[in-house]
Structures are given as C-alpha cells and as structure tokens.
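Q: File name structure.cif; file contents mmCIF, C-alpha atoms; full text below.
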data_my_file
loop_
_atom_site.group_PDB
_atom_site.id
_atom_site.type_symbol
_atom_site.label_atom_id
_atom_site.label_comp_id
_atom_site.auth_asym_id
_atom_site.auth_seq_id
_atom_site.Cartn_x
_atom_site.Cartn_y
_atom_site.Cartn_z
ATOM 1 C CA LYS A 1 94.460 69.977 153.535
ATOM 2 C CA ASN A 2 92.228 70.611 150.509
ATOM 3 C CA GLN A 3 90.689 67.393 149.244
ATOM 4 C CA VAL A 4 88.075 66.303 146.714
ATOM 5 C CA GLU A 5 86.528 62.850 146.907
ATOM 6 C CA GLN A 6 84.337 61.335 144.236
ATOM 7 C CA SER A 7 82.032 58.353 144.284
ATOM 8 C CA PRO A 8 81.499 55.859 142.929
ATOM 9 C CA GLN A 9 84.912 55.087 141.474
ATOM 10 C CA SER A 10 83.290 53.368 138.506
ATOM 11 C CA LEU A 11 79.787 52.788 137.259
ATOM 12 C CA ILE A 12 78.131 50.715 134.525
ATOM 13 C CA ILE A 13 74.627 51.626 133.384
ATOM 14 C CA LEU A 14 72.321 50.676 130.543
ATOM 15 C CA GLU A 15 71.781 53.096 127.702
ATOM 16 C CA GLY A 16 68.771 55.306 128.378
ATOM 17 C CA LYS A 17 69.051 55.098 132.166
ATOM 18 C CA ASN A 18 69.846 57.987 134.521
ATOM 19 C CA CYS A 19 72.742 58.154 136.946
ATOM 20 C CA THR A 20 74.162 60.449 139.619
ATOM 21 C CA LEU A 21 77.806 61.024 140.448
ATOM 22 C CA GLN A 22 78.924 62.469 143.780
ATOM 23 C CA CYS A 23 81.662 64.899 144.798
ATOM 24 C CA ASN A 24 82.576 65.886 148.380
ATOM 25 C CA TYR A 25 85.192 68.544 149.032
ATOM 26 C CA THR A 26 87.032 70.230 151.867
ATOM 27 C CA VAL A 27 88.537 73.082 149.826
ATOM 28 C CA SER A 28 88.445 76.382 151.662
ATOM 29 C CA PRO A 29 87.890 79.231 151.054
ATOM 30 C CA PHE A 30 85.689 78.039 148.218
ATOM 31 C CA SER A 31 85.535 79.845 144.894
ATOM 32 C CA ASN A 32 83.925 77.512 142.368
ATOM 33 C CA LEU A 33 83.378 73.896 141.412
ATOM 34 C CA ARG A 34 83.536 72.463 137.928
ATOM 35 C CA TRP A 35 82.650 69.135 136.433
ATOM 36 C CA TYR A 36 84.794 67.927 133.547
ATOM 37 C CA LYS A 37 84.228 65.072 131.126
ATOM 38 C CA GLN A 38 87.278 63.206 129.863
ATOM 39 C CA ASP A 39 87.080 60.747 127.018
ATOM 40 C CA THR A 40 89.760 58.053 127.005
ATOM 41 C CA GLY A 41 93.090 59.452 125.806
ATOM 42 C CA ARG A 42 91.745 62.989 125.414
ATOM 43 C CA GLY A 43 91.948 66.145 127.504
ATOM 44 C CA PRO A 44 89.120 66.969 129.935
ATOM 45 C CA VAL A 45 86.335 69.264 128.764
ATOM 46 C CA SER A 46 84.311 71.467 131.109
ATOM 47 C CA LEU A 47 80.616 70.587 131.534
ATOM 48 C CA THR A 48 79.444 73.028 134.215
ATOM 49 C CA ILE A 49 80.766 75.591 136.661
ATOM 50 C CA MET A 50 79.101 76.481 139.931
ATOM 51 C CA THR A 51 79.871 79.292 142.341
ATOM 52 C CA PHE A 52 78.933 79.636 145.995
ATOM 53 C CA SER A 53 75.530 81.200 145.316
ATOM 54 C CA GLU A 54 74.386 78.657 142.719
ATOM 55 C CA ASN A 55 72.765 75.378 143.654
ATOM 56 C CA THR A 56 71.685 73.975 140.270
ATOM 57 C CA LYS A 57 73.008 74.319 136.752
ATOM 58 C CA SER A 58 72.143 72.383 133.610
ATOM 59 C CA ASN A 59 73.979 71.692 130.382
ATOM 60 C CA GLY A 60 71.746 69.617 128.136
ATOM 61 C CA ARG A 61 71.301 66.195 129.747
ATOM 62 C CA TYR A 62 73.807 67.084 132.477
ATOM 63 C CA THR A 63 72.574 68.748 135.692
ATOM 64 C CA ALA A 64 74.944 69.704 138.479
ATOM 65 C CA THR A 65 73.910 70.588 142.006
ATOM 66 C CA LEU A 66 75.885 72.225 144.776
ATOM 67 C CA ASP A 67 75.298 72.350 148.517
ATOM 68 C CA ALA A 68 77.924 74.765 149.811
ATOM 69 C CA ASP A 69 76.905 74.154 153.430
ATOM 70 C CA THR A 70 77.624 70.423 153.324
ATOM 71 C CA LYS A 71 80.344 70.866 150.679
ATOM 72 C CA GLN A 72 78.772 68.364 148.327
ATOM 73 C CA SER A 73 78.056 68.402 144.625
ATOM 74 C CA SER A 74 76.400 65.933 142.306
ATOM 75 C CA LEU A 75 76.259 65.471 138.554
ATOM 76 C CA HIS A 76 73.074 63.916 137.226
ATOM 77 C CA ILE A 77 73.022 62.452 133.717
ATOM 78 C CA THR A 78 69.607 61.935 132.191
ATOM 79 C CA ALA A 79 68.757 59.414 129.469
ATOM 80 C CA SER A 80 72.355 58.238 129.116
ATOM 81 C CA GLN A 81 73.899 57.646 125.710
ATOM 82 C CA LEU A 82 76.822 55.488 124.650
ATOM 83 C CA SER A 83 78.831 58.683 124.100
ATOM 84 C CA ASP A 84 78.514 59.485 127.801
ATOM 85 C CA SER A 85 81.048 56.728 128.485
ATOM 86 C CA ALA A 86 83.979 58.660 129.946
ATOM 87 C CA SER A 87 85.585 59.742 133.193
ATOM 88 C CA TYR A 88 83.914 62.588 135.058
ATOM 89 C CA ILE A 89 86.182 64.732 137.171
ATOM 90 C CA CYS A 90 85.165 67.165 139.901
ATOM 91 C CA VAL A 91 87.504 70.163 140.210
ATOM 92 C CA VAL A 92 87.315 72.652 143.062
ATOM 93 C CA SER A 93 89.015 76.047 142.974
ATOM 94 C CA PRO A 94 89.851 77.980 146.118
ATOM 95 C CA GLN A 95 89.850 81.730 146.286
ATOM 96 C CA GLY A 96 93.182 83.408 145.719
ATOM 97 C CA TYR A 97 96.334 82.014 144.204
ATOM 98 C CA GLN A 98 96.123 78.493 145.634
ATOM 99 C CA LYS A 99 96.091 75.652 143.159
ATOM 100 C CA VAL A 100 92.886 73.878 142.162
ATOM 101 C CA THR A 101 92.135 70.448 143.592
ATOM 102 C CA PHE A 102 91.038 67.531 141.406
ATOM 103 C CA GLY A 103 88.976 64.522 142.357
ATOM 104 C CA THR A 104 90.169 61.119 141.137
ATOM 105 C CA GLY A 105 87.137 60.859 138.877
ATOM 106 C CA THR A 106 84.257 58.481 138.251
ATOM 107 C CA LYS A 107 84.622 56.174 135.277
ATOM 108 C CA LEU A 108 81.220 55.743 133.632
ATOM 109 C CA GLN A 109 80.478 53.040 131.108
ATOM 110 C CA VAL A 110 77.175 53.073 129.255
ATOM 111 C CA ILE A 111 76.304 49.767 127.639
ATOM 112 C CA PRO A 112 73.659 49.015 125.013
ATOM 113 C CA LYS B 1 89.742 80.337 117.999
ATOM 114 C CA ALA B 2 92.452 77.682 118.240
ATOM 115 C CA GLY B 3 92.486 75.504 121.342
ATOM 116 C CA VAL B 4 95.390 74.487 123.525
ATOM 117 C CA THR B 5 98.052 72.755 121.463
ATOM 118 C CA GLN B 6 100.459 70.236 122.933
ATOM 119 C CA THR B 7 103.426 68.697 121.167
ATOM 120 C CA PRO B 8 104.463 66.022 120.696
ATOM 121 C CA ARG B 9 101.329 63.896 121.104
ATOM 122 C CA TYR B 10 103.231 60.656 121.601
ATOM 123 C CA LEU B 11 106.811 59.873 122.469
ATOM 124 C CA ILE B 12 108.898 56.973 123.664
ATOM 125 C CA LYS B 13 112.043 57.426 125.723
ATOM 126 C CA THR B 14 114.366 55.174 127.680
ATOM 127 C CA ARG B 15 115.312 55.416 131.329
ATOM 128 C CA GLY B 16 117.848 58.115 132.081
ATOM 129 C CA GLN B 17 116.961 60.266 129.095
ATOM 130 C CA GLN B 18 115.316 63.657 129.347
ATOM 131 C CA VAL B 19 112.245 65.007 127.599
ATOM 132 C CA THR B 20 110.770 68.421 126.805
ATOM 133 C CA LEU B 21 107.057 68.911 126.193
ATOM 134 C CA SER B 22 105.526 72.021 124.694
ATOM 135 C CA CYS B 23 102.200 73.765 125.232
ATOM 136 C CA SER B 24 100.710 76.671 123.299
ATOM 137 C CA PRO B 25 97.770 78.193 125.194
ATOM 138 C CA ILE B 26 94.635 79.743 123.780
ATOM 139 C CA SER B 27 95.329 83.243 122.497
ATOM 140 C CA GLY B 28 94.904 85.746 125.315
ATOM 141 C CA HIS B 29 95.327 83.184 128.102
ATOM 142 C CA ARG B 30 98.236 84.030 130.358
ATOM 143 C CA SER B 31 97.940 81.157 132.831
ATOM 144 C CA VAL B 32 99.297 77.726 131.922
ATOM 145 C CA SER B 33 99.264 74.723 134.224
ATOM 146 C CA TRP B 34 100.636 71.209 133.805
ATOM 147 C CA TYR B 35 99.300 67.889 135.061
ATOM 148 C CA GLN B 36 100.420 64.285 135.106
ATOM 149 C CA GLN B 37 97.736 61.667 134.664
ATOM 150 C CA THR B 38 98.238 57.981 135.373
ATOM 151 C CA PRO B 39 95.524 55.302 135.582
ATOM 152 C CA GLY B 40 95.791 54.850 139.322
ATOM 153 C CA GLN B 41 96.445 58.434 140.429
ATOM 154 C CA GLY B 42 94.136 60.606 138.386
ATOM 155 C CA LEU B 43 95.242 64.142 137.562
ATOM 156 C CA GLN B 44 98.223 65.293 139.611
ATOM 157 C CA PHE B 45 99.141 68.990 139.554
ATOM 158 C CA LEU B 46 102.714 69.729 138.486
ATOM 159 C CA PHE B 47 102.968 73.517 138.303
ATOM 160 C CA GLU B 48 101.255 76.683 137.130
ATOM 161 C CA TYR B 49 102.737 79.674 135.364
ATOM 162 C CA PHE B 50 101.287 83.135 134.980
ATOM 163 C CA SER B 51 103.075 85.893 133.080
ATOM 164 C CA GLU B 52 106.327 83.887 133.033
ATOM 165 C CA THR B 53 106.267 83.384 136.833
ATOM 166 C CA GLN B 54 105.662 80.079 138.580
ATOM 167 C CA ARG B 55 102.583 80.619 140.777
ATOM 168 C CA ASN B 56 102.145 77.179 142.289
ATOM 169 C CA LYS B 57 104.054 73.935 142.381
ATOM 170 C CA GLY B 58 102.888 70.400 143.092
ATOM 171 C CA ASN B 59 104.680 67.672 145.005
ATOM 172 C CA PHE B 60 106.984 66.366 142.315
ATOM 173 C CA PRO B 61 110.755 65.896 142.472
ATOM 174 C CA GLY B 62 113.132 68.475 141.071
ATOM 175 C CA ARG B 63 113.549 66.375 137.909
ATOM 176 C CA PHE B 64 110.306 68.009 136.782
ATOM 177 C CA SER B 65 110.698 71.625 135.741
ATOM 178 C CA GLY B 66 108.921 74.118 133.571
ATOM 179 C CA ARG B 67 109.016 77.593 132.196
ATOM 180 C CA GLN B 68 106.816 80.072 130.402
ATOM 181 C CA PHE B 69 107.827 82.441 127.661
ATOM 182 C CA SER B 70 106.739 86.016 127.024
ATOM 183 C CA ASN B 71 104.177 84.812 124.451
ATOM 184 C CA SER B 72 102.620 82.571 127.183
ATOM 185 C CA ARG B 73 103.819 79.371 125.526
ATOM 186 C CA SER B 74 105.120 76.931 128.094
ATOM 187 C CA GLU B 75 107.481 73.989 128.223
ATOM 188 C CA MET B 76 108.014 71.313 130.823
ATOM 189 C CA ASN B 77 111.107 69.201 131.131
ATOM 190 C CA VAL B 78 111.670 65.894 132.846
ATOM 191 C CA SER B 79 115.271 64.849 133.346
ATOM 192 C CA THR B 80 116.676 61.408 134.177
ATOM 193 C CA LEU B 81 113.491 59.635 133.199
ATOM 194 C CA GLU B 82 112.204 56.757 135.295
ATOM 195 C CA LEU B 83 109.727 54.038 134.352
ATOM 196 C CA GLY B 84 107.166 55.625 136.672
ATOM 197 C CA ASP B 85 107.191 58.804 134.603
ATOM 198 C CA SER B 86 105.179 57.056 131.912
ATOM 199 C CA ALA B 87 101.927 59.000 131.822
ATOM 200 C CA LEU B 88 99.692 61.376 129.938
ATOM 201 C CA TYR B 89 100.924 64.925 130.490
ATOM 202 C CA LEU B 90 98.194 67.506 130.157
ATOM 203 C CA CYS B 91 98.518 71.230 129.786
ATOM 204 C CA ALA B 92 95.685 73.649 130.512
ATOM 205 C CA SER B 93 95.365 77.364 129.916
ATOM 206 C CA SER B 94 93.027 79.809 131.562
ATOM 207 C CA VAL B 95 92.176 83.463 131.871
ATOM 208 C CA ARG B 96 92.721 84.417 135.475
ATOM 209 C CA THR B 97 89.916 86.723 136.664
ATOM 210 C CA GLY B 98 91.446 88.655 139.476
ATOM 211 C CA ARG B 99 92.940 86.242 141.971
ATOM 212 C CA ASP B 100 90.734 83.287 141.048
ATOM 213 C CA THR B 101 91.508 80.586 138.512
ATOM 214 C CA GLY B 102 89.287 80.809 135.460
ATOM 215 C CA GLU B 103 87.949 77.826 133.532
ATOM 216 C CA LEU B 104 90.702 75.410 132.551
ATOM 217 C CA PHE B 105 90.934 74.571 128.849
ATOM 218 C CA PHE B 106 92.938 71.401 128.336
ATOM 219 C CA GLY B 107 95.039 70.249 125.449
ATOM 220 C CA GLU B 108 94.909 66.681 124.144
ATOM 221 C CA GLY B 109 98.004 65.754 126.093
ATOM 222 C CA SER B 110 101.411 64.259 125.423
ATOM 223 C CA ARG B 111 101.574 60.505 125.996
ATOM 224 C CA LEU B 112 105.036 59.629 127.323
ATOM 225 C CA THR B 113 106.216 56.040 127.504
ATOM 226 C CA VAL B 114 109.482 55.301 129.292
ATOM 227 C CA LEU B 115 111.111 51.949 128.498
#
Now, as a test, write the supplied structure out as structure tokens.

A:
Amino acid sequence: KNQVEQSPQSLIILEGKNCTLQCNYTVSPFSNLRWYKQDTGRGPVSLTIMTFSENTKSNGRYTATLDADTKQSSLHITASQLSDSASYICVVSPQGYQKVTFGTGTKLQVIP
Amino acid sequence: KAGVTQTPRYLIKTRGQQVTLSCSPISGHRSVSWYQQTPGQGLQFLFEYFSETQRNKGNFPGRFSGRQFSNSRSEMNVSTLELGDSALYLCASSVRTGRDTGELFFGEGSRLTVL
C-alpha cells in the first residue's frame, strides 16, 4: 500500500530560525515528489518538485532534498518568517495512472 | 492566466440534503481531481477525471459522485449529507504529461458545513 508519512506533526519555531520537515514514503514505482504549502483556509501551493534523479532543489528560502534509495525527503526552511506559518504537505506521485498519495502534513507556526 | 475556480466558497446545509460543488480548471488542463480535507484527516482523495472519464476513485461511499464536462469543468455531488461531511473540498487541475500526473494546481476550496 502506498503511504506517505510526515514528521513532526506540528512545530513551533522562533522567527529567524531554521527548521527541517521530514517525509518518508513507500510509493512505488516512484515518479516525483512535491512539497506544498497550505495557508489556513486556502488551497495548497506547490513549492518544489523532485524527480528520481534529483537530490536537491531550492526555491528561495526553501530547500528540498530527496534520497530515492531510502525513500526520504526533507524540506529545509532557512531564516523563517512569520509568513511561513502554514501546513506543509508532502505529495508523492507514482508512475502511470495511479492516484497521488498525500502526507498528513506538518503544521508550522513561526512566532516573533 | 486564471487559476482554478471553485464555487461556492462557503455553504451551509442540513443533514439529509444534497450539495453540488463546481470547479473550473486552468485553461488547457484536462485533469481535475477532488479532495476532502478535515482537521484530523488531512487531504483525502475523492476522484480524478481526465477527458470526461473517471481515472481514479478514493475510498468514499457512493453518496459522493462527480462528473466532468467536455470543457473540462467538473462538478461533485454529495447526497444525503451527514454531519461528518463538513469539510473543505478542494479541486485541483493538472496537465497530464504522458501517464504521469503533472503539478497539481489547487483552487481555494469550498467550505461545507452540515448542521
């Protein structure tokens, strides 16, 4: 069964600090992995996409890593801002016509 | 380029009623998928349509149904509403590249409250 697990479930950090969110998956055969940011009450927005051959990708202060051998990904946020407060969802797509699998998300709160 | 548009944004229904939600995808996107999001469950996949055909279906009862029109717009319907159906319903569109799902572009969602 395809599964995506994220940790931690929630996280509180001080503004300006860094943090790392984790995503472990069992989706096979693997096609790509995306990280989405979802502000409260809004639809998710894509931050990064990573395919099998990529192991690091950056989008501003967001850096995603992928280890396809261990089936793990992480999202690192540098110099956090209050606007980073949101849920971060890991989404893994299999090859073919199977449906994508969502993690339950990490709820991040950045406090001043 | 306009994003994914969902209507209505908010609605309140009572148990036993039925509801229809609408989703207009980004122009050129032929794949539309629907999700239910509740605080404890995260995003749960409902179904996906591509070129008016249902490609995949999640584990929801038959009260949840959907369809896609020739212009790629999609609707989902929930009949005989239950209190547990209260949730944010999200629609996403994508451009399928070959057999793989492209990036999902989400709408702002329809917030359904069942009393």

Q: Expanded to explicit residues, what is the PyMOL selection byres ((chain A and resi 81) around 8) for this file, as a list in words?

A: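 Checking the PyMOL selection byres ((chain A and resi 81) around 8) against this file, the residues are Glu15, Gly16, Ala79, Ser80, Leu82, Ser83, Asp84, Ser85 and Val110 of chain A.
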
Q: Based on the selection just made, write C-alpha atoms of those residues as a compact mmCIF listing (two decimals), keeping the file's coordinate frame.

A:
# COMPACT_ATOMS: atom_id res chain seq x y z
CA GLU A 15 71.78 53.10 127.70
CA GLY A 16 68.77 55.31 128.38
CA ALA A 79 68.76 59.41 129.47
CA SER A 80 72.36 58.24 129.12
CA LEU A 82 76.82 55.49 124.65
CA SER A 83 78.83 58.68 124.10
CA ASP A 84 78.51 59.48 127.80
CA SER A 85 81.05 56.73 128.49
CA VAL A 110 77.18 53.07 129.26

Q: Show me, as a list in words, every residue of chain B with an atom at most 9 Å from chain A, counting all atoms listed in the file.

A: Gly40, Gln41, Gly42, Leu43, Gln44, Phe45, Phe47, Glu48, Arg55, Asn56, Lys57, Gly58, Leu88, Leu90, Cys91, Ala92, Gly98, Arg99, Asp100, Thr101, Gly102, Glu103, Leu104, Phe105, Phe106, Gly107, Glu108, Gly109 and Arg111 of chain B

Q: Give as a list in words the residues that the PyMOL selection byres ((chain A and resi 18-23) around 6) matches when applied to the coordinates above.

A: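 Written out, the selection comes to Glu5, Gln6, Ser7, Lys17, Asn24, Gln72, Ser73, Ser74, Leu75, His76, Ile77, Thr78, Ala79 and Ser80 of chain A.
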
Q: So that I have them on file, write out the residues from the current selection with C-alpha atoms, as a PDB file, in the frame of the given file.

A:
ATOM      1  CA  GLU A   5      86.528  62.850 146.907  1.00  0.00           C
ATOM      2  CA  GLN A   6      84.337  61.335 144.236  1.00  0.00           C
ATOM      3  CA  SER A   7      82.032  58.353 144.284  1.00  0.00           C
ATOM      4  CA  LYS A  17      69.051  55.098 132.166  1.00  0.00           C
ATOM      5  CA  ASN A  24      82.576  65.886 148.380  1.00  0.00           C
ATOM      6  CA  GLN A  72      78.772  68.364 148.327  1.00  0.00           C
ATOM      7  CA  SER A  73      78.056  68.402 144.625  1.00  0.00           C
ATOM      8  CA  SER A  74      76.400  65.933 142.306  1.00  0.00           C
ATOM      9  CA  LEU A  75      76.259  65.471 138.554  1.00  0.00           C
ATOM     10  CA  HIS A  76      73.074  63.916 137.226  1.00  0.00           C
ATOM     11  CA  ILE A  77      73.022  62.452 133.717  1.00  0.00           C
ATOM     12  CA  THR A  78      69.607  61.935 132.191  1.00  0.00           C
ATOM     13  CA  ALA A  79      68.757  59.414 129.469  1.00  0.00           C
ATOM     14  CA  SER A  80      72.355  58.238 129.116  1.00  0.00           C
TER      15      SER A  80
END

Q: So which residues touch Leu47 (chain A) within 10 Å, counting all atoms listed in the file, skipping near sequence neighbours fewer than 5 positions away, as a compact mmCIF listing (two decimals) with C-alpha atoms, in the frame of the given file?

A:
# COMPACT_ATOMS: atom_id res chain seq x y z
CA ARG A 34 83.54 72.46 137.93
CA TRP A 35 82.65 69.14 136.43
CA TYR A 36 84.79 67.93 133.55
CA LYS A 37 84.23 65.07 131.13
CA LYS A 57 73.01 74.32 136.75
CA SER A 58 72.14 72.38 133.61
CA ASN A 59 73.98 71.69 130.38
CA GLY A 60 71.75 69.62 128.14
CA TYR A 62 73.81 67.08 132.48
CA THR A 63 72.57 68.75 135.69
CA ALA A 64 74.94 69.70 138.48
CA LEU A 75 76.26 65.47 138.55
CA TYR A 88 83.91 62.59 135.06
CA ILE A 89 86.18 64.73 137.17

Q: Could you expand the PyMOL selection byres ((chain B and resi 31) around 8) into the explicit residues it covers here, written as a list in words?

A: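 When the PyMOL selection byres ((chain B and resi 31) around 8) is applied to the shown file, the picked residues are His29, Arg30, Val32, Ser33, Glu48, Tyr49, Phe50, Ser51, Ser72, Ser93, Ser94, Val95 and Arg96 of chain B.
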
Q: Name all residues at most 9 Å from Ser27 (chain B) (count only C-alpha atoms; drop same-chain ones fewer than 5 positions away) and give them as an MDAnalysis selection string.

A: chainID B and resid 1:4 72
